[in-house]
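What follows is a set of notes on a single structure, which appears directly below.
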Amino acid sequence: MRALFAGVLAIAVSVGRADGQSGTISYASGVSLDVELPWELAEVPTVLEAWGSAPFLLHFTPSRSLMVRGRWNRGRGVVPARFRASGANLNALGRALEAWYAVTPSRFLQAYFGEEGSSGVKVLELGGERYRVPAEVIPVAWSITEQHGEHLGHQVIRAVGEAADHRVEAWFAPDIPVSFGPALYGGLPGMILALSVNEGVTTYIATEVVLEAVEDGLIRVPENGQATSPEVYQSYVSSFATEVVSSFRDMTRWYRNVECLVGWRDALVQCKQVRPGI
């Protein structure tokens with residue numbers, strides 16, 4: 001089987017309803033960054049990739065699905081990246097953050113898909129704020145290949161496709177006969193158990209499949225977060241990294257010996273003045 005499934009450790013399977021049309025699937029997500037950075041920021045991509053990984057649960061019935069982010073460890077266990085807040089380093093940090101915010105799964109809080117495509121909503125996080133954005137299943141021109149495999153006890157088939165601005169690879173399970181998947185991807189004759197966007201820049205891999213009736217009321221339209229349009233939210237994303245880096249650049253105008261850390265405790269990035277020699 002292709003490398004998309006490499007490294008998956010969990011192999012738990014629980015089967016309830018024989019028709020496989022309702023249940024909950026657990027996913028591990030990941031992000032891979034390819035950004036040119038100065039040597040002082042060499043560890044930044046590793047930290048951002050750890051912070052971008054998050055677990056998800058996808059609850060589904062034949063007509064609706066709700067993906068919710070599980071307990072996020074915010075990259076705990078990864079050594080923070082530390083570097084001087086020089087002009088060149090801050091410019092590079094801005095590039096890394098822009099790339100990360102564009103692809104990280106950890107910004108997803110919820111993704112709902114309603115009756116027969118009639119409605120969709122996703123709840124996203126940015127800078128500690130939640131935004132509720134109208135959405136739809138991502139349109140992908142799928143081609144189903146002849147490649148078969150097995151994942152978590154389910155026979156899966158590889159499909160590849162093109163969306164508006166990215167490439168997608170998926171392994172779907174025909175014995176779970178619903179056209180859903182993680183992060184509002186779907187449209188295949190079976191549940192997507194593994195998904196790779198742009199050759200692994202973002203991945204979702206199922207770690208557990210539980211097929212049984214879903215609790216009444218569990219799958220419902222998200223109501224938390226500030227309602228906004230996709231265009232407005234994207235404008236927030238585009239400007240956020242610039243604003244963060246700008247605030248650090250202002251700090252260097254007032255203080256000497258400013259040092260930045262990426263992945264320190266519960267802050268993705270923070271900069272502070274340090275004493276010389278520390």
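Every chain in the structure tokens takes a letter, A first, then B, and so on in the order presented; its residues are numbered from 1, and the ligands are numbered from 1 following the presented order.
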
Using only C-alpha atoms, which residues of range 154-235 of chain A come within 8 Å of range 102-112 of chain A, and what is the closest atom pair for each, with the distance in Å to one decimal? Give it as a Markdown table, sorted by chain and residue number.
| residue | atom | partner | partner_atom | distance |
| --- | --- | --- | --- | --- |
| A:Ala183 | CA | A:Ala111 | CA | 6.4 |
| A:Leu184 | CA | A:Ala111 | CA | 6.6 |
| A:Val201 | CA | A:Val103 | CA | 7.4 |
| A:Thr202 | CA | A:Val103 | CA | 6.6 |
| A:Ile219 | CA | A:Tyr112 | CA | 7.9 |
| A:Arg220 | CA | A:Tyr112 | CA | 7.4 |
| A:Val221 | CA | A:Tyr112 | CA | 6.3 |
| A:Pro222 | CA | A:Tyr112 | CA | 7.1 |

I need the chosen residues saved as a compact mmCIF listing (two decimals), in the first residue's frame, with N, CA and C atoms.
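part.txt written:
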# COMPACT_ATOMS: atom_id res chain seq x y z
N ALA A 183 -12.75 16.97 7.05
CA ALA A 183 -12.53 18.35 6.58
C ALA A 183 -13.38 18.72 5.36
N LEU A 184 -14.62 18.18 5.31
CA LEU A 184 -15.56 18.49 4.24
C LEU A 184 -15.13 17.96 2.87
N VAL A 201 1.07 17.73 2.16
CA VAL A 201 1.13 18.99 2.91
C VAL A 201 0.15 18.93 4.08
N THR A 202 -1.03 18.37 3.85
CA THR A 202 -1.99 18.12 4.92
C THR A 202 -2.49 16.69 4.78
N ILE A 219 -25.27 15.23 15.98
CA ILE A 219 -24.91 15.90 14.72
C ILE A 219 -25.90 17.04 14.48
N ARG A 220 -25.42 18.24 14.70
CA ARG A 220 -26.29 19.41 14.52
C ARG A 220 -25.45 20.58 14.02
N VAL A 221 -26.12 21.58 13.50
CA VAL A 221 -25.44 22.74 12.94
C VAL A 221 -24.71 23.49 14.04
N PRO A 222 -23.40 23.75 13.89
CA PRO A 222 -22.66 24.51 14.90
C PRO A 222 -23.22 25.92 15.05

Note to self: List as a VMD selection string the protein and nucleic acid residues near Ala54 in chain A, meaning an atom at most 8 Å away when only C-alpha atoms are counted, but skip any in the same chain fewer than 4 places from it.
What the structure shows: chain A and resid 28 to 30 69 to 73 105 to 106

Checklist line | 7 Å contact set for Pro62 in chain A, only C-alpha atoms, chain neighbours under 2 positions out, as JSON, numbers by chain | finding: {"A": [21, 22, 60, 64, 178]}

The selected residues should be written to file as a PDB file, in the first residue's frame (atoms: all heavy atoms).
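Here's the written file result.pdb:
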ATOM      1  N   GLN A  21     -23.647   2.550   7.873  1.00  0.00           N
ATOM      2  CA  GLN A  21     -24.067   3.868   7.429  1.00  0.00           C
ATOM      3  C   GLN A  21     -24.114   4.906   8.540  1.00  0.00           C
ATOM      4  O   GLN A  21     -24.448   6.052   8.295  1.00  0.00           O
ATOM      5  CB  GLN A  21     -25.435   3.769   6.753  1.00  0.00           C
ATOM      6  CG  GLN A  21     -25.375   2.986   5.453  1.00  0.00           C
ATOM      7  CD  GLN A  21     -26.691   2.996   4.712  1.00  0.00           C
ATOM      8  OE1 GLN A  21     -27.612   3.718   5.068  1.00  0.00           O
ATOM      9  NE2 GLN A  21     -26.799   2.195   3.674  1.00  0.00           N
ATOM     10  N   SER A  22     -23.800   4.539   9.758  1.00  0.00           N
ATOM     11  CA  SER A  22     -23.739   5.485  10.866  1.00  0.00           C
ATOM     12  C   SER A  22     -22.565   5.101  11.751  1.00  0.00           C
ATOM     13  O   SER A  22     -22.209   3.921  11.857  1.00  0.00           O
ATOM     14  CB  SER A  22     -25.032   5.480  11.697  1.00  0.00           C
ATOM     15  OG  SER A  22     -26.129   5.914  10.924  1.00  0.00           O
ATOM     16  N   PHE A  60     -21.226  10.508  11.814  1.00  0.00           N
ATOM     17  CA  PHE A  60     -21.959  10.530  10.551  1.00  0.00           C
ATOM     18  C   PHE A  60     -23.175   9.615  10.575  1.00  0.00           C
ATOM     19  O   PHE A  60     -23.239   8.629  11.312  1.00  0.00           O
ATOM     20  CB  PHE A  60     -21.046  10.140   9.382  1.00  0.00           C
ATOM     21  CG  PHE A  60     -20.570   8.705   9.437  1.00  0.00           C
ATOM     22  CD1 PHE A  60     -21.253   7.693   8.762  1.00  0.00           C
ATOM     23  CD2 PHE A  60     -19.438   8.364  10.166  1.00  0.00           C
ATOM     24  CE1 PHE A  60     -20.817   6.371   8.816  1.00  0.00           C
ATOM     25  CE2 PHE A  60     -18.994   7.046  10.218  1.00  0.00           C
ATOM     26  CZ  PHE A  60     -19.686   6.057   9.544  1.00  0.00           C
ATOM     27  N   ARG A  64     -25.911  13.122   7.084  1.00  0.00           N
ATOM     28  CA  ARG A  64     -25.259  14.245   7.747  1.00  0.00           C
ATOM     29  C   ARG A  64     -23.953  13.797   8.375  1.00  0.00           C
ATOM     30  O   ARG A  64     -23.761  12.617   8.700  1.00  0.00           O
ATOM     31  CB  ARG A  64     -26.166  14.830   8.845  1.00  0.00           C
ATOM     32  CG  ARG A  64     -27.464  15.429   8.345  1.00  0.00           C
ATOM     33  CD  ARG A  64     -28.269  15.967   9.522  1.00  0.00           C
ATOM     34  NE  ARG A  64     -28.655  14.900  10.435  1.00  0.00           N
ATOM     35  CZ  ARG A  64     -29.005  15.090  11.713  1.00  0.00           C
ATOM     36  NH1 ARG A  64     -28.997  16.301  12.219  1.00  0.00           N
ATOM     37  NH2 ARG A  64     -29.367  14.077  12.461  1.00  0.00           N
ATOM     38  N   VAL A 178     -21.179   5.742   2.644  1.00  0.00           N
ATOM     39  CA  VAL A 178     -21.586   7.145   2.740  1.00  0.00           C
ATOM     40  C   VAL A 178     -20.505   7.987   2.074  1.00  0.00           C
ATOM     41  O   VAL A 178     -19.317   7.656   2.121  1.00  0.00           O
ATOM     42  CB  VAL A 178     -21.793   7.590   4.202  1.00  0.00           C
ATOM     43  CG1 VAL A 178     -22.998   6.906   4.815  1.00  0.00           C
ATOM     44  CG2 VAL A 178     -20.546   7.326   5.038  1.00  0.00           C
TER      45      VAL A 178
END

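Among the candidate residues A:Gln270, A:Gly77, A:Pro38, A:Gly23, the one lying nearest to Pro177 in chain A is A:Gly23, with distances computed using only C-alpha atoms.
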
Note to self: DSSP on the backbone: which residues in range 19-243 of chain A end up as strand (DSSP E or B)? Give the answer as number ranges by chain.
What the structure shows: A: 23-31, 55-60, 65-69, 81-84, 108-113, 120-126, 129-134, 141-151, 154-162, 167-173, 191-197, 202-211, 226-227

Margin query: So that I can check the surroundings of range 42-45 of chain A, please list as a list in words every protein, DNA and RNA residue that reaches within 7 Å of it, counting only C-alpha atoms and ignoring chain neighbours fewer than 5 positions away.
Written below: Leu33, Leu37, Ala81 and Val262 of chain A

Residue subset to file, keeping all heavy atoms, as a PDB file, in the first residue's frame:
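Result went into again02.pdb, see below:
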ATOM      1  N   LEU A  33       5.524  21.378   6.248  1.00  0.00           N
ATOM      2  CA  LEU A  33       5.882  22.688   5.707  1.00  0.00           C
ATOM      3  C   LEU A  33       7.173  22.604   4.907  1.00  0.00           C
ATOM      4  O   LEU A  33       8.124  21.930   5.304  1.00  0.00           O
ATOM      5  CB  LEU A  33       6.068  23.709   6.836  1.00  0.00           C
ATOM      6  CG  LEU A  33       4.827  24.055   7.648  1.00  0.00           C
ATOM      7  CD1 LEU A  33       5.183  25.087   8.716  1.00  0.00           C
ATOM      8  CD2 LEU A  33       3.712  24.590   6.769  1.00  0.00           C
ATOM      9  N   LEU A  37      14.186  28.898   5.253  1.00  0.00           N
ATOM     10  CA  LEU A  37      14.393  29.732   6.425  1.00  0.00           C
ATOM     11  C   LEU A  37      15.879  29.841   6.750  1.00  0.00           C
ATOM     12  O   LEU A  37      16.658  28.939   6.417  1.00  0.00           O
ATOM     13  CB  LEU A  37      13.663  29.143   7.645  1.00  0.00           C
ATOM     14  CG  LEU A  37      12.139  28.985   7.529  1.00  0.00           C
ATOM     15  CD1 LEU A  37      11.597  28.273   8.750  1.00  0.00           C
ATOM     16  CD2 LEU A  37      11.471  30.336   7.360  1.00  0.00           C
ATOM     17  N   ALA A  81      11.434  26.338  19.373  1.00  0.00           N
ATOM     18  CA  ALA A  81      12.477  26.942  18.531  1.00  0.00           C
ATOM     19  C   ALA A  81      12.789  28.329  19.083  1.00  0.00           C
ATOM     20  O   ALA A  81      11.876  29.101  19.380  1.00  0.00           O
ATOM     21  CB  ALA A  81      12.007  27.027  17.084  1.00  0.00           C
ATOM     22  N   VAL A 262       9.127  29.886  19.377  1.00  0.00           N
ATOM     23  CA  VAL A 262       7.982  29.289  18.701  1.00  0.00           C
ATOM     24  C   VAL A 262       7.647  27.985  19.423  1.00  0.00           C
ATOM     25  O   VAL A 262       8.504  27.109  19.566  1.00  0.00           O
ATOM     26  CB  VAL A 262       8.277  29.010  17.218  1.00  0.00           C
ATOM     27  CG1 VAL A 262       7.089  28.328  16.546  1.00  0.00           C
ATOM     28  CG2 VAL A 262       8.626  30.297  16.497  1.00  0.00           C
TER      29      VAL A 262
END

Item checked: Two-atom distance - CA of Glu259 in chain A, CA of Gln273 in chain A (Å) ->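 Taking CA of Glu259 in chain A as the start and CA of Gln273 in chain A as the end point, the length is 6.2 Å.
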
Checklist line | Given only C-alpha atoms as the counted atoms, nearest of A:Tyr255, A:Trp171, A:Phe248, A:Trp142 to Val269 in chain A | finding: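 Of the candidates, the smallest distance to Val269 in chain A is held by A:Phe248.
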
Check: Could you name the residues that touch Thr24 in chain A at 12 Å or less, counting only C-alpha atoms, but leaving out those on the same chain fewer than 2 positions away, as a PyMOL selection string?
Finding: chain A and resi 13-17+20-22+26-27+56-61+64-68+176+180-182+191+193+206-215+218-219

Check: Could you pull out the helix (DSSP H, G or I) residues of range 14-202 of chain A from DSSP and send them as a PyMOL selection string?
Finding: chain A and resi 39-41+44-52+87-103+105-107+115-117+182-184

Item checked: Computed interatomic separation between CA of Leu93 in chain A and CA of Asn257 in chain A (Å) ->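 Computed distance, CA of Leu93 in chain A to CA of Asn257 in chain A, equals 17.2 Å.
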
Item checked: Computed interatomic separation between CA of Gly52 in chain A and CA of Trp100 in chain A (Å) -> 7.7 Å

Notebook entry, point to check: Using only C-alpha atoms, which of A:Ala163, A:Ala170, A:Ala241, A:Leu48 sits nearest Val79 in chain A?
Noted result: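 Going through A:Ala163, A:Ala170, A:Ala241, A:Leu48 one by one, the smallest distance to Val79 in chain A is for A:Leu48.
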
Margin query: Could you list, as a ChimeraX atom specification, every residue within 12 Å of Ala88 in chain A, counting only C-alpha atoms and ignoring same-chain residues fewer than 4 positions away?
Written below: /A:37-41,83-84,92-95,245,249

Counting only C-alpha atoms, which residues in range 165-253 of chain A sit no more than 8 Å from range 153-156 of chain A? For each one, give the nearest pair of atoms and the distance in Å, sorted by chain then residue number, as a Markdown table.
| residue | atom | partner | partner_atom | distance |
| --- | --- | --- | --- | --- |
| A:Trp171 | CA | A:Val156 | CA | 5.6 |
| A:Phe172 | CA | A:Val156 | CA | 5.1 |
| A:Ala173 | CA | A:Val156 | CA | 4.5 |
| A:Pro174 | CA | A:Val156 | CA | 6.9 |
| A:Asp175 | CA | A:His154 | CA | 7.3 |
